[in-house]
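One file, target-v8.pdb, carrying PDB, C-alpha atoms and all ligand atoms:
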ATOM      1  CA  MET A 165      -9.647 -13.955 -27.640
ATOM      2  CA  ASN A 166      -7.355 -15.457 -24.956
ATOM      3  CA  ALA A 167      -8.850 -14.314 -21.634
ATOM      4  CA  PRO A 168      -6.875 -15.908 -18.785
ATOM      5  CA  LEU A 169      -8.407 -13.557 -16.213
ATOM      6  CA  GLN A 170     -12.030 -14.246 -17.138
ATOM      7  CA  ASN A 171     -14.311 -14.179 -14.065
ATOM      8  CA  ARG A 172     -11.573 -12.514 -12.018
ATOM      9  CA  VAL A 173     -12.025  -9.079 -10.456
ATOM     10  CA  ALA A 174      -9.251  -6.473 -10.234
ATOM     11  CA  LEU A 175      -9.172  -3.166  -8.375
ATOM     12  CA  VAL A 176      -6.619  -0.621  -9.570
ATOM     13  CA  THR A 177      -6.127   2.485  -7.435
ATOM     14  CA  GLY A 178      -5.506   5.751  -9.264
ATOM     15  CA  ALA A 179      -6.796   4.174 -12.470
ATOM     16  CA  ALA A 180      -8.456   7.170 -14.123
ATOM     17  CA  LYS A 181      -5.278   8.254 -15.932
ATOM     18  CA  ARG A 182      -1.690   7.491 -16.818
ATOM     19  CA  ILE A 183      -0.136   4.231 -15.568
ATOM     20  CA  GLY A 184      -3.141   3.094 -13.526
ATOM     21  CA  HIS A 185      -5.414   3.536 -16.539
ATOM     22  CA  ALA A 186      -3.078   1.463 -18.746
ATOM     23  CA  LEU A 187      -2.997  -1.309 -16.127
ATOM     24  CA  ALA A 188      -6.777  -1.375 -15.787
ATOM     25  CA  VAL A 189      -7.182  -1.688 -19.569
ATOM     26  CA  ARG A 190      -4.535  -4.454 -19.759
ATOM     27  CA  LEU A 191      -6.229  -6.477 -16.989
ATOM     28  CA  ALA A 192      -9.576  -6.072 -18.765
ATOM     29  CA  THR A 193      -7.989  -7.144 -22.052
ATOM     30  CA  GLU A 194      -6.883 -10.303 -20.254
ATOM     31  CA  GLY A 195     -10.493 -10.874 -19.203
ATOM     32  CA  ALA A 196     -10.836  -9.304 -15.755
ATOM     33  CA  ASP A 197     -13.688  -7.142 -14.546
ATOM     34  CA  VAL A 198     -12.130  -3.967 -13.160
ATOM     35  CA  VAL A 199     -12.878  -1.468 -10.412
ATOM     36  CA  ILE A 200     -11.471   1.894 -11.481
ATOM     37  CA  HIS A 201     -10.584   3.743  -8.315
ATOM     38  CA  TYR A 202     -10.153   7.519  -8.561
ATOM     39  CA  ASN A 203      -9.989  10.494  -6.250
ATOM     40  CA  ARG A 204     -10.446  13.735  -8.208
ATOM     41  CA  SER A 205     -10.502  12.567 -11.845
ATOM     42  CA  LYS A 206     -14.168  11.583 -12.110
ATOM     43  CA  SER A 207     -14.692  12.214 -15.824
ATOM     44  CA  GLU A 208     -11.514  10.298 -16.773
ATOM     45  CA  ALA A 209     -12.520   7.463 -14.417
ATOM     46  CA  ASP A 210     -15.987   7.223 -15.964
ATOM     47  CA  ALA A 211     -14.376   7.204 -19.420
ATOM     48  CA  ALA A 212     -12.002   4.412 -18.352
ATOM     49  CA  ALA A 213     -14.931   2.337 -17.034
ATOM     50  CA  ALA A 214     -16.766   2.885 -20.344
ATOM     51  CA  GLU A 215     -13.644   1.856 -22.300
ATOM     52  CA  ILE A 216     -13.487  -1.391 -20.302
ATOM     53  CA  ALA A 217     -17.200  -2.049 -20.802
ATOM     54  CA  LYS A 218     -16.549  -1.800 -24.556
ATOM     55  CA  LEU A 219     -14.052  -4.645 -24.148
ATOM     56  CA  GLY A 220     -16.954  -6.748 -22.852
ATOM     57  CA  ARG A 221     -15.929  -6.629 -19.174
ATOM     58  CA  LYS A 222     -17.748  -5.233 -16.171
ATOM     59  CA  SER A 223     -16.326  -2.045 -14.744
ATOM     60  CA  ILE A 224     -17.274   0.591 -12.220
ATOM     61  CA  ALA A 225     -15.590   3.829 -11.177
ATOM     62  CA  LEU A 226     -15.436   4.319  -7.402
ATOM     63  CA  GLN A 227     -14.195   7.457  -5.651
ATOM     64  CA  ALA A 228     -12.097   7.500  -2.463
ATOM     65  CA  ASP A 229      -9.494   9.728  -0.897
ATOM     66  CA  LEU A 230      -7.005   7.060   0.121
ATOM     67  CA  CYS A 231      -5.647   9.281   2.900
ATOM     68  CA  SER A 232      -8.877   8.464   4.750
ATOM     69  CA  LEU A 233      -9.132   5.032   6.321
ATOM     70  CA  ALA A 234     -12.944   5.334   6.373
ATOM     71  CA  GLU A 235     -12.979   5.978   2.614
ATOM     72  CA  ILE A 236     -10.663   3.011   1.981
ATOM     73  CA  LYS A 237     -13.027   0.742   3.934
ATOM     74  CA  HIS A 238     -16.002   2.071   1.983
ATOM     75  CA  LEU A 239     -14.196   1.471  -1.335
ATOM     76  CA  PHE A 240     -13.668  -2.212  -0.561
ATOM     77  CA  GLN A 241     -17.195  -2.619   0.885
ATOM     78  CA  GLN A 242     -18.615  -1.267  -2.374
ATOM     79  CA  THR A 243     -16.343  -3.598  -4.348
ATOM     80  CA  ALA A 244     -17.539  -6.596  -2.333
ATOM     81  CA  GLU A 245     -21.192  -5.590  -2.728
ATOM     82  CA  ARG A 246     -20.861  -5.017  -6.463
ATOM     83  CA  PHE A 247     -18.655  -7.954  -7.478
ATOM     84  CA  GLY A 248     -18.670 -10.372  -4.517
ATOM     85  CA  ARG A 249     -14.990 -11.150  -4.954
ATOM     86  CA  LEU A 250     -11.555  -9.630  -5.513
ATOM     87  CA  ASP A 251      -8.604 -11.400  -7.142
ATOM     88  CA  ILE A 252      -6.122  -8.624  -7.957
ATOM     89  CA  LEU A 253      -5.319  -5.434  -6.060
ATOM     90  CA  VAL A 254      -2.970  -2.981  -7.778
ATOM     91  CA  ASN A 255      -1.877  -0.150  -5.496
ATOM     92  CA  SER A 256      -0.880   2.412  -8.138
ATOM     93  CA  ALA A 257      -2.205   5.715  -6.719
ATOM     94  CA  ALA A 258       0.540   7.975  -5.419
ATOM     95  CA  ASN A 259       1.968  11.455  -5.441
ATOM     96  CA  PHE A 260       5.474  12.674  -6.321
ATOM     97  CA  LEU A 261       6.249  15.648  -4.116
ATOM     98  CA  PRO A 262       9.591  17.421  -4.512
ATOM     99  CA  ALA A 263      11.225  18.805  -1.341
ATOM    100  CA  HIS A 264      14.780  19.157  -0.069
ATOM    101  CA  VAL A 265      15.634  18.921   3.654
ATOM    102  CA  GLU A 266      15.022  22.601   4.319
ATOM    103  CA  ASP A 267      11.698  22.842   2.483
ATOM    104  CA  THR A 268      10.095  19.578   3.645
ATOM    105  CA  THR A 269       7.080  20.690   5.671
ATOM    106  CA  GLU A 270       5.031  18.462   7.942
ATOM    107  CA  LYS A 271       2.269  18.637   5.342
ATOM    108  CA  ILE A 272       4.548  17.441   2.522
ATOM    109  CA  TRP A 273       5.881  14.637   4.706
ATOM    110  CA  ASP A 274       2.425  13.469   5.799
ATOM    111  CA  THR A 275       0.916  13.727   2.296
ATOM    112  CA  ALA A 276       3.764  11.692   0.788
ATOM    113  CA  LEU A 277       3.740   9.032   3.486
ATOM    114  CA  ASP A 278      -0.065   8.836   3.854
ATOM    115  CA  THR A 279      -0.707   8.485   0.118
ATOM    116  CA  ASN A 280       2.269   6.376  -0.930
ATOM    117  CA  LEU A 281       2.763   4.085   2.058
ATOM    118  CA  LYS A 282      -0.095   4.192   4.564
ATOM    119  CA  ALA A 283      -2.786   3.897   1.870
ATOM    120  CA  PRO A 284      -1.326   0.769   0.189
ATOM    121  CA  PHE A 285      -1.137  -0.912   3.607
ATOM    122  CA  PHE A 286      -4.732  -0.122   4.535
ATOM    123  CA  CYS A 287      -5.973  -1.010   1.046
ATOM    124  CA  ALA A 288      -4.252  -4.372   1.459
ATOM    125  CA  GLN A 289      -5.750  -4.797   4.934
ATOM    126  CA  ALA A 290      -9.251  -4.039   3.621
ATOM    127  CA  ALA A 291      -8.764  -6.380   0.644
ATOM    128  CA  VAL A 292      -7.344  -9.331   2.562
ATOM    129  CA  PRO A 293     -10.629 -11.095   3.435
ATOM    130  CA  LEU A 294     -11.623 -11.155  -0.250
ATOM    131  CA  LEU A 295      -8.112 -11.917  -1.544
ATOM    132  CA  LYS A 296      -7.690 -14.859   0.853
ATOM    133  CA  GLN A 297     -10.882 -16.426  -0.473
ATOM    134  CA  SER A 298      -9.748 -16.127  -4.087
ATOM    135  CA  HIS A 299      -6.013 -16.857  -3.494
ATOM    136  CA  GLY A 300      -5.380 -13.469  -5.004
ATOM    137  CA  VAL A 301      -2.472 -11.156  -5.572
ATOM    138  CA  ILE A 302      -1.383  -7.676  -4.516
ATOM    139  CA  ILE A 303       0.920  -5.559  -6.667
ATOM    140  CA  ASN A 304       2.343  -2.462  -5.003
ATOM    141  CA  PHE A 305       4.069   0.430  -6.732
ATOM    142  CA  ALA A 306       7.469   1.398  -5.410
ATOM    143  CA  ASP A 307       9.828   3.575  -7.479
ATOM    144  CA  ILE A 308      13.569   3.508  -8.163
ATOM    145  CA  GLY A 309      13.455   6.489  -5.785
ATOM    146  CA  GLY A 310      12.855   3.862  -3.083
ATOM    147  CA  ILE A 311      16.271   2.412  -3.963
ATOM    148  CA  LEU A 312      18.310   5.467  -5.032
ATOM    149  CA  PRO A 313      18.485   8.442  -2.640
ATOM    150  CA  TRP A 314      17.206  11.654  -4.289
ATOM    151  CA  PRO A 315      17.933  14.653  -2.021
ATOM    152  CA  GLY A 316      15.250  16.737  -3.765
ATOM    153  CA  TYR A 317      12.522  14.137  -3.007
ATOM    154  CA  ILE A 318      13.273  12.960   0.532
ATOM    155  CA  ALA A 319       9.730  12.200   1.720
ATOM    156  CA  HIS A 320       8.921  10.538  -1.612
ATOM    157  CA  CYS A 321      12.018   8.319  -1.467
ATOM    158  CA  ALA A 322      11.305   7.365   2.152
ATOM    159  CA  SER A 323       7.705   6.487   1.271
ATOM    160  CA  LYS A 324       8.723   4.303  -1.669
ATOM    161  CA  ALA A 325      11.503   2.574   0.299
ATOM    162  CA  GLY A 326       8.747   1.838   2.808
ATOM    163  CA  VAL A 327       6.650   0.255   0.039
ATOM    164  CA  ILE A 328       9.484  -2.187  -0.647
ATOM    165  CA  MET A 329       9.600  -3.371   2.980
ATOM    166  CA  LEU A 330       5.805  -3.306   3.217
ATOM    167  CA  THR A 331       5.711  -5.668   0.231
ATOM    168  CA  LYS A 332       8.099  -8.115   1.871
ATOM    169  CA  CYS A 333       6.246  -8.018   5.213
ATOM    170  CA  LEU A 334       2.856  -8.528   3.575
ATOM    171  CA  ALA A 335       4.195 -11.336   1.378
ATOM    172  CA  LYS A 336       5.320 -13.235   4.451
ATOM    173  CA  ALA A 337       2.244 -12.364   6.509
ATOM    174  CA  LEU A 338      -0.302 -13.298   3.833
ATOM    175  CA  ALA A 339       1.322 -16.438   2.415
ATOM    176  CA  PRO A 340       0.370 -18.957   1.247
ATOM    177  CA  GLU A 341      -3.039 -17.653   0.201
ATOM    178  CA  VAL A 342      -2.068 -14.213  -1.144
ATOM    179  CA  ARG A 343       1.054 -13.273  -3.136
ATOM    180  CA  VAL A 344       2.419  -9.752  -2.758
ATOM    181  CA  ASN A 345       4.993  -8.160  -5.070
ATOM    182  CA  ALA A 346       6.093  -4.676  -6.052
ATOM    183  CA  ILE A 347       7.169  -2.918  -9.222
ATOM    184  CA  ALA A 348       9.819  -0.196  -8.986
ATOM    185  CA  PRO A 349       9.702   1.789 -12.228
ATOM    186  CA  GLY A 350      12.189   4.285 -13.498
ATOM    187  CA  THR A 351      10.914   7.111 -15.679
ATOM    188  CA  ILE A 352       7.851   6.056 -17.646
ATOM    189  CA  THR A 353       7.192   8.381 -20.545
ATOM    190  CA  MET A 354       3.871  10.126 -20.284
ATOM    191  CA  SER A 355       2.541  13.172 -22.050
ATOM    192  CA  GLY A 356       2.716  16.276 -19.908
ATOM    193  CA  ASP A 357       5.739  15.207 -17.854
ATOM    194  CA  PRO A 358       8.815  17.475 -18.054
ATOM    195  CA  SER A 359      10.979  16.539 -21.065
ATOM    196  CA  GLU A 360      14.166  17.039 -19.020
ATOM    197  CA  TRP A 361      13.198  14.018 -16.851
ATOM    198  CA  GLU A 362      13.155  11.899 -19.984
ATOM    199  CA  ALA A 363      16.460  13.225 -21.350
ATOM    200  CA  ASP A 364      18.236  12.765 -18.022
ATOM    201  CA  PHE A 365      16.938   9.218 -17.648
ATOM    202  CA  ILE A 366      17.887   8.225 -21.213
ATOM    203  CA  ARG A 367      21.411   9.516 -20.625
ATOM    204  CA  ARG A 368      21.834   7.500 -17.410
ATOM    205  CA  ALA A 369      20.058   4.223 -18.254
ATOM    206  CA  PRO A 370      22.111   1.503 -19.987
ATOM    207  CA  LEU A 371      19.189   0.679 -22.309
ATOM    208  CA  HIS A 372      19.061   4.388 -23.343
ATOM    209  CA  ARG A 373      15.310   4.742 -23.247
ATOM    210  CA  THR A 374      12.511   5.470 -20.834
ATOM    211  CA  GLY A 375       9.756   3.003 -20.035
ATOM    212  CA  THR A 376       6.295   2.904 -21.546
ATOM    213  CA  THR A 377       2.952   2.140 -19.953
ATOM    214  CA  ASP A 378       3.059  -1.120 -21.959
ATOM    215  CA  ASP A 379       6.309  -2.045 -20.182
ATOM    216  CA  VAL A 380       4.545  -1.541 -16.852
ATOM    217  CA  ALA A 381       1.443  -3.437 -17.964
ATOM    218  CA  ASP A 382       3.659  -6.360 -19.095
ATOM    219  CA  ALA A 383       5.258  -6.437 -15.623
ATOM    220  CA  VAL A 384       1.870  -6.413 -13.894
ATOM    221  CA  ALA A 385       0.598  -9.203 -16.148
ATOM    222  CA  TYR A 386       3.724 -11.231 -15.345
ATOM    223  CA  LEU A 387       3.295 -10.797 -11.585
ATOM    224  CA  VAL A 388      -0.406 -11.650 -11.755
ATOM    225  CA  HIS A 389       0.441 -14.994 -13.354
ATOM    226  CA  ALA A 390       3.778 -15.755 -11.594
ATOM    227  CA  LYS A 391       2.494 -18.340  -9.117
ATOM    228  CA  PHE A 392       5.901 -19.038  -7.488
ATOM    229  CA  VAL A 393       6.855 -15.377  -6.959
ATOM    230  CA  THR A 394       6.116 -13.451  -3.787
ATOM    231  CA  GLY A 395       7.830 -10.694  -1.795
ATOM    232  CA  GLN A 396       9.822  -9.526  -4.817
ATOM    233  CA  VAL A 397      10.511  -6.109  -6.279
ATOM    234  CA  LEU A 398      10.591  -6.048 -10.065
ATOM    235  CA  VAL A 399      12.836  -3.113 -10.985
ATOM    236  CA  LEU A 400      11.677  -1.769 -14.328
ATOM    237  CA  ASP A 401      14.301   0.797 -15.173
ATOM    238  CA  GLY A 402      16.308  -0.062 -18.308
ATOM    239  CA  GLY A 403      19.238  -0.763 -15.996
ATOM    240  CA  ARG A 404      19.226   2.732 -14.466
ATOM    241  CA  THR A 405      19.989   1.475 -10.923
ATOM    242  CA  LEU A 406      22.945  -0.693 -11.999
TER     243      LEU A 406
HETATM  244  N1  LIG B 501       5.231   7.960 -13.852
HETATM  245  C1  LIG B 501       6.451   7.490 -13.614
HETATM  246  O1  LIG B 501       7.423   7.725 -14.382
HETATM  247  C2  LIG B 501       6.715   6.655 -12.384
HETATM  248  C3  LIG B 501       8.034   6.357 -12.019
HETATM  249  C4  LIG B 501       8.267   5.606 -10.878
HETATM  250  C5  LIG B 501       7.194   5.142 -10.113
HETATM  251  N2  LIG B 501       5.929   5.438 -10.495
HETATM  252  C6  LIG B 501       4.823   4.950  -9.663
HETATM  253  O2  LIG B 501       3.848   4.301 -10.474
HETATM  254  C7  LIG B 501       2.526   4.586  -9.984
HETATM  255  C8  LIG B 501       1.692   5.246 -11.085
HETATM  256  O3  LIG B 501       2.387   6.402 -11.550
HETATM  257  P1  LIG B 501       1.628   7.636 -12.243
HETATM  258  O4  LIG B 501       2.679   8.577 -12.712
HETATM  259  O5  LIG B 501       0.605   7.114 -13.202
HETATM  260  O6  LIG B 501       0.891   8.239 -10.944
HETATM  261  P2  LIG B 501       0.228   9.686 -10.760
HETATM  262  O7  LIG B 501      -0.294  10.147 -12.065
HETATM  263  O8  LIG B 501       1.194  10.559 -10.028
HETATM  264  O9  LIG B 501      -0.947   9.349  -9.740
HETATM  265  C9  LIG B 501      -1.934   8.389 -10.044
HETATM  266  C10 LIG B 501      -3.219   8.737  -9.358
HETATM  267  O10 LIG B 501      -3.061   8.702  -7.932
HETATM  268  C11 LIG B 501      -4.253   9.259  -7.444
HETATM  269  N3  LIG B 501      -4.083   9.823  -6.081
HETATM  270  C12 LIG B 501      -3.171  10.725  -5.655
HETATM  271  N4  LIG B 501      -3.436  11.060  -4.355
HETATM  272  C13 LIG B 501      -4.539  10.335  -3.983
HETATM  273  C14 LIG B 501      -5.318  10.233  -2.806
HETATM  274  N5  LIG B 501      -5.038  10.948  -1.703
HETATM  275  N6  LIG B 501      -6.358   9.385  -2.795
HETATM  276  C15 LIG B 501      -6.661   8.673  -3.878
HETATM  277  N7  LIG B 501      -5.990   8.719  -5.035
HETATM  278  C16 LIG B 501      -4.940   9.548  -5.086
HETATM  279  C17 LIG B 501      -4.687  10.349  -8.414
HETATM  280  O11 LIG B 501      -6.052  10.110  -8.724
HETATM  281  P3  LIG B 501      -7.070  11.267  -9.230
HETATM  282  O12 LIG B 501      -6.444  11.827 -10.482
HETATM  283  O13 LIG B 501      -8.335  10.571  -9.472
HETATM  284  O14 LIG B 501      -7.156  12.294  -8.118
HETATM  285  C18 LIG B 501      -3.748  10.130  -9.605
HETATM  286  O15 LIG B 501      -4.399  10.218 -10.856
HETATM  287  C19 LIG B 501       2.730   5.491  -8.761
HETATM  288  O16 LIG B 501       2.717   4.701  -7.589
HETATM  289  C20 LIG B 501       4.097   6.100  -8.977
HETATM  290  O17 LIG B 501       4.745   6.490  -7.775
HETATM  291  C21 LIG B 501       5.663   6.186 -11.604
END
Output the file's structure as structure tokens, nothing else.
Amino acid sequence: MNAPLQNRVALVTGAAKRIGHALAVRLATEGADVVIHYNRSKSEADAAAAEIAKLGRKSIALQADLCSLAEIKHLFQQTAERFGRLDILVNSAANFLPAHVEDTTEKIWDTALDTNLKAPFFCAQAAVPLLKQSHGVIINFADIGGILPWPGYIAHCASKAGVIMLTKCLAKALAPEVRVNAIAPGTITMSGDPSEWEADFIRRAPLHRTGTTDDVADAVAYLVHAKFVTGQVLVLDGGRTL
């Protein structure tokens, strides 16, 4: 099997389920050993690590609440102790909190910003010593909500717009050793999500479909290998933002 990422180590945040899980499996399929980060989804994280072990790669599930700087530091210490290196950091963990102007509480604001923006920064900061050694790569997750203003998701949109600027700042700050890019997905179809999200997106997007976790995994694989690309936002939205 073609394994271009053999002997490389990836850490994917929020990798127990959904998009993060698909990315972890793709990176393992390409040969990487993978740290499955999770917060609450322990059984799914353990299952993901077992799935990756079956592919012949090393994997471990590590818990951390990414709203805690101490827990972020511990996550990367454990990664260094276990694997001794880190080549790929994928900041996928996030929340998606709805709130209009009048119902945005301080708690909603802080939870959106802490999880979606502060955590990716401090994960990057904690990963930098290892990533500089390996000439590694960071892939952040923005959202088309960081480009389009959604009045029902103000804190979310602000957090994801912040991820776009964070990506550009980090790309400049960490070059030439570390490349930093972001993916801004539109609606990615996942079981359990409201079907009206899908229908609305299909109606508005020129390609008349939603994305799949494979679409996102393809984009991550591209950015991992794209040696001349840094500071960019890959908008993965079937043309929805045009
Ligand atoms: N799904 C979409 O259509 C879509 C569209 C645009 C952008 N995106 C972006 O793509 C990425 C992945 O999307 P997704 O839908 O797969 O994400 P998700 O299911 O909403 O969240 C992924 C994981 O984030 C983790 N997480 C949340 N708060 C955390 C915290 N305080 N500390 C640590 N982990 C925390 C959770 O882990 P545990 O379950 O272990 O607690 C959760 O499983 C996100 O950044 C999202 O904003 C997704």
| field | Picked residues, the PyMOL selection byres (((chain A and resi 213-215) around 12) and not hetatm), expected as a PyMOL selection string | value | chain A and resi 175-176+179-181+185-186+188-190+192-193+197-202+206-212+216-226
Wanna dump the chain A-ligand LIG 501 (chain B) contacts at 8 Å for me, each residue with its shortest atom pair and the distance in Å to one decimal, counting all atoms listed in the file, ordered by chain and number, as JSON lines?
{"residue": "A:Thr177", "atom": "CA", "partner": "B:LIG501", "partner_atom": "N7", "distance": 6.7}
{"residue": "A:Gly178", "atom": "CA", "partner": "B:LIG501", "partner_atom": "C10", "distance": 3.8}
{"residue": "A:Ala179", "atom": "CA", "partner": "B:LIG501", "partner_atom": "C10", "distance": 6.6}
{"residue": "A:Ala180", "atom": "CA", "partner": "B:LIG501", "partner_atom": "O13", "distance": 5.8}
{"residue": "A:Lys181", "atom": "CA", "partner": "B:LIG501", "partner_atom": "O15", "distance": 5.5}
{"residue": "A:Arg182", "atom": "CA", "partner": "B:LIG501", "partner_atom": "O5", "distance": 4.3}
{"residue": "A:Ile183", "atom": "CA", "partner": "B:LIG501", "partner_atom": "O5", "distance": 3.8}
{"residue": "A:Gly184", "atom": "CA", "partner": "B:LIG501", "partner_atom": "O5", "distance": 5.5}
{"residue": "A:His185", "atom": "CA", "partner": "B:LIG501", "partner_atom": "O5", "distance": 7.8}
{"residue": "A:His201", "atom": "CA", "partner": "B:LIG501", "partner_atom": "O13", "distance": 7.3}
{"residue": "A:Tyr202", "atom": "CA", "partner": "B:LIG501", "partner_atom": "O13", "distance": 3.7}
{"residue": "A:Asn203", "atom": "CA", "partner": "B:LIG501", "partner_atom": "O13", "distance": 3.6}
{"residue": "A:Arg204", "atom": "CA", "partner": "B:LIG501", "partner_atom": "O14", "distance": 3.6}
{"residue": "A:Ser205", "atom": "CA", "partner": "B:LIG501", "partner_atom": "O13", "distance": 3.8}
{"residue": "A:Lys206", "atom": "CA", "partner": "B:LIG501", "partner_atom": "O13", "distance": 6.5}
{"residue": "A:Glu208", "atom": "CA", "partner": "B:LIG501", "partner_atom": "O13", "distance": 8.0}
{"residue": "A:Ala209", "atom": "CA", "partner": "B:LIG501", "partner_atom": "O13", "distance": 7.2}
{"residue": "A:Gln227", "atom": "CA", "partner": "B:LIG501", "partner_atom": "O13", "distance": 7.7}
{"residue": "A:Ala228", "atom": "CA", "partner": "B:LIG501", "partner_atom": "C15", "distance": 5.7}
{"residue": "A:Asp229", "atom": "CA", "partner": "B:LIG501", "partner_atom": "N6", "distance": 3.7}
{"residue": "A:Leu230", "atom": "CA", "partner": "B:LIG501", "partner_atom": "N6", "distance": 3.8}
{"residue": "A:Cys231", "atom": "CA", "partner": "B:LIG501", "partner_atom": "N5", "distance": 4.9}
{"residue": "A:Ser232", "atom": "CA", "partner": "B:LIG501", "partner_atom": "N5", "distance": 7.9}
{"residue": "A:Asn255", "atom": "CA", "partner": "B:LIG501", "partner_atom": "O16", "distance": 7.0}
{"residue": "A:Ser256", "atom": "CA", "partner": "B:LIG501", "partner_atom": "O16", "distance": 4.3}
{"residue": "A:Ala257", "atom": "CA", "partner": "B:LIG501", "partner_atom": "O10", "distance": 3.3}
{"residue": "A:Ala258", "atom": "CA", "partner": "B:LIG501", "partner_atom": "O10", "distance": 4.5}
{"residue": "A:Asn259", "atom": "CA", "partner": "B:LIG501", "partner_atom": "O8", "distance": 4.7}
{"residue": "A:Phe260", "atom": "CA", "partner": "B:LIG501", "partner_atom": "O8", "distance": 6.0}
{"residue": "A:Thr275", "atom": "CA", "partner": "B:LIG501", "partner_atom": "N5", "distance": 7.7}
{"residue": "A:Asp278", "atom": "CA", "partner": "B:LIG501", "partner_atom": "N5", "distance": 7.8}
{"residue": "A:Thr279", "atom": "CA", "partner": "B:LIG501", "partner_atom": "N5", "distance": 5.3}
{"residue": "A:Asn280", "atom": "CA", "partner": "B:LIG501", "partner_atom": "O16", "distance": 6.9}
{"residue": "A:Asn304", "atom": "CA", "partner": "B:LIG501", "partner_atom": "O16", "distance": 7.6}
{"residue": "A:Phe305", "atom": "CA", "partner": "B:LIG501", "partner_atom": "O16", "distance": 4.6}
{"residue": "A:Ala306", "atom": "CA", "partner": "B:LIG501", "partner_atom": "C5", "distance": 6.0}
{"residue": "A:Asp307", "atom": "CA", "partner": "B:LIG501", "partner_atom": "C5", "distance": 4.0}
{"residue": "A:Ile308", "atom": "CA", "partner": "B:LIG501", "partner_atom": "C4", "distance": 6.3}
{"residue": "A:Gly309", "atom": "CA", "partner": "B:LIG501", "partner_atom": "C4", "distance": 7.3}
{"residue": "A:Lys324", "atom": "CA", "partner": "B:LIG501", "partner_atom": "O17", "distance": 7.6}
{"residue": "A:Ala348", "atom": "CA", "partner": "B:LIG501", "partner_atom": "C5", "distance": 6.1}
{"residue": "A:Pro349", "atom": "CA", "partner": "B:LIG501", "partner_atom": "C4", "distance": 4.3}
{"residue": "A:Gly350", "atom": "CA", "partner": "B:LIG501", "partner_atom": "C3", "distance": 4.9}
{"residue": "A:Thr351", "atom": "CA", "partner": "B:LIG501", "partner_atom": "O1", "distance": 3.8}
{"residue": "A:Ile352", "atom": "CA", "partner": "B:LIG501", "partner_atom": "O1", "distance": 3.7}
{"residue": "A:Thr353", "atom": "CA", "partner": "B:LIG501", "partner_atom": "O1", "distance": 6.2}
{"residue": "A:Met354", "atom": "CA", "partner": "B:LIG501", "partner_atom": "N1", "distance": 6.9}
{"residue": "A:Gly375", "atom": "CA", "partner": "B:LIG501", "partner_atom": "O1", "distance": 7.7}
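Closest approach to A:Val393 among A:Val301, A:Ile236, A:Leu406, A:Ala381 is made by A:Val301 (distances from all atoms listed in the file).
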| request: Run through the PyMOL selection byres (((chain A and resi 344) around 7) and not hetatm) on the given coordinates and return the selected residues as a PyMOL selection string. | output: chain A and resi 301-303+331+334-335+342-343+345+394-395
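Against the coordinates shown, the PyMOL selection byres (((chain A and resi 403-405) around 9) and not hetatm) returns Ile308, Ile311, Leu312, Gly350, Phe365, Ile366, Arg368, Ala369, Pro370, Leu371, His372, Val399, Leu400, Asp401, Gly402 and Leu406 of chain A.
Compared by their closest atoms to A:Val173, and using all atoms listed in the file, the residues A:Ala291, A:Ile272, A:Ala346, A:Ala339 rank with A:Ala291 nearest.
Atom to atom, atom CA of A:Ala319 and atom CA of A:Glu266 stand 12.0 Å apart.
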| query | In Å, with one decimal, what is the gap from atom CA of A:Tyr386 to atom CA of A:Glu194? | reply | 11.7 Å
| Could you work out how far atom CA of A:Leu295 lies from atom CA of A:Lys237, giving the answer in Å with one decimal? | 14.6 Å
Taking all atoms of stretch 339-355 of chain A that appear in the file, build a box with edges along x, y and z, extend it by 6 Å on every side, and state its centre and edge lengths in Å to one decimal, as JSON.
{"center_x": 4.6, "center_y": -2.9, "center_z": -9.8, "size_x": 27.2, "size_y": 44.1, "size_z": 36.5}
| Nearest to A:Ala322: which of A:Gly195, A:Ala174, A:Pro284, A:Leu277 is it, counting only C-alpha atoms? | A:Leu277
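Nearest to A:Leu261 of all the residues A:Ser323, A:Ser355, A:Gln297, A:Thr376 is A:Ser323, based on all atoms listed in the file.
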